[in-house]
Amino acid sequence: MKKCAVFGIAVLSTVIIIASAISHCQIPCGIYDDSMRFAMMREHCDTLEKSMNQINELSSAQPANYNQLVRWVNNKEQHADYLIDIITDYFMLQRVKLPESTDEAVVASYHKKLAVLHNILIAAMKCKQTTDPAHVAAIRQLVDEFEHLYFGKEAKEHMEHEHAH
């Protein structure tokens, strides 16, 4: 019985350590790369879209290749989770701060950012539930919108520079 309890604690500890390593730290460490997070979100969208296409293709194939189908479903789930983690662990917990100002424009900007982030979370959840590429398109549009809100005036130059590469 003790061996089972020790094994269970070891497994639980390992899972907690791995989960902590995957998300950005919450110390806060002060090491942020916002541009990289936007690039990562776009890459996850590309992977979601490819996964959905592969799932749809493999689902209609005869005979069905269930092994590959399961792998693509798992991949889709994983990349939707990565998006969710970036939004929650990086942006919502560390970067989009509750304004100290009572200025209506500042508060409205904060609420708009939160609304867009929430809509990305909903679209990512829908990507997990379906293979409808419209949800990926929605995330892409919302990421562009959030990037503009987040970076402000320099967002246009930032987006043009990033999309040129």
# chains A, B, ... in the order shown; residues from 1 in each chain; ligands from 1

$ residues_around --residues "Ala115 in chain A" --least-positions-apart "6" --cutoff "10 Å" --atoms "only C-alpha atoms" --output "VMD selection string"
chain A and resid 109 121 146

$ residues_around --residues "Asp132 in chain A" --least-positions-apart "2" --cutoff "12 Å" --atoms "only C-alpha atoms" --output "JSON, numbers by chain"
{"A": [48, 49, 50, 51, 52, 53, 55, 56, 76, 123, 124, 125, 126, 127, 128, 129, 130, 134, 135, 136, 137, 138]}

$ residues_around --residues "Ile86 in chain A" --least-positions-apart "3" --cutoff "9 Å" --atoms "only C-alpha atoms" --output "PyMOL selection string"
chain A and resi 23-24+37+40-41+81-83+89-92

$ write_last_selection --atoms "C-alpha atoms" --output "mmCIF file, in the first residue's frame"
data_model
loop_
_atom_site.group_PDB
_atom_site.id
_atom_site.type_symbol
_atom_site.label_atom_id
_atom_site.label_comp_id
_atom_site.auth_asym_id
_atom_site.auth_seq_id
_atom_site.Cartn_x
_atom_site.Cartn_y
_atom_site.Cartn_z
ATOM 1 C CA SER A 23 3.230 27.679 -19.021
ATOM 2 C CA HIS A 24 5.073 30.937 -18.637
ATOM 3 C CA ARG A 37 3.537 35.094 -28.329
ATOM 4 C CA MET A 40 3.142 31.425 -31.600
ATOM 5 C CA MET A 41 -0.612 32.011 -31.640
ATOM 6 C CA ASP A 81 -4.775 24.066 -25.414
ATOM 7 C CA TYR A 82 -1.526 25.888 -26.225
ATOM 8 C CA LEU A 83 -3.554 28.861 -27.468
ATOM 9 C CA ASP A 89 -1.184 32.249 -18.431
ATOM 10 C CA TYR A 90 0.611 34.912 -20.419
ATOM 11 C CA PHE A 91 -1.756 37.686 -21.421
ATOM 12 C CA MET A 92 -4.571 37.562 -18.879
#

$ atom_distance --atom1 "CA of Gln26 in chain A" --atom2 "CA of Lys112 in chain A"
23.6 Å

$ select_by_dssp --residues "range 41-142 of chain A" --states "alpha helix (DSSP H)" --output "count of residues only"
76
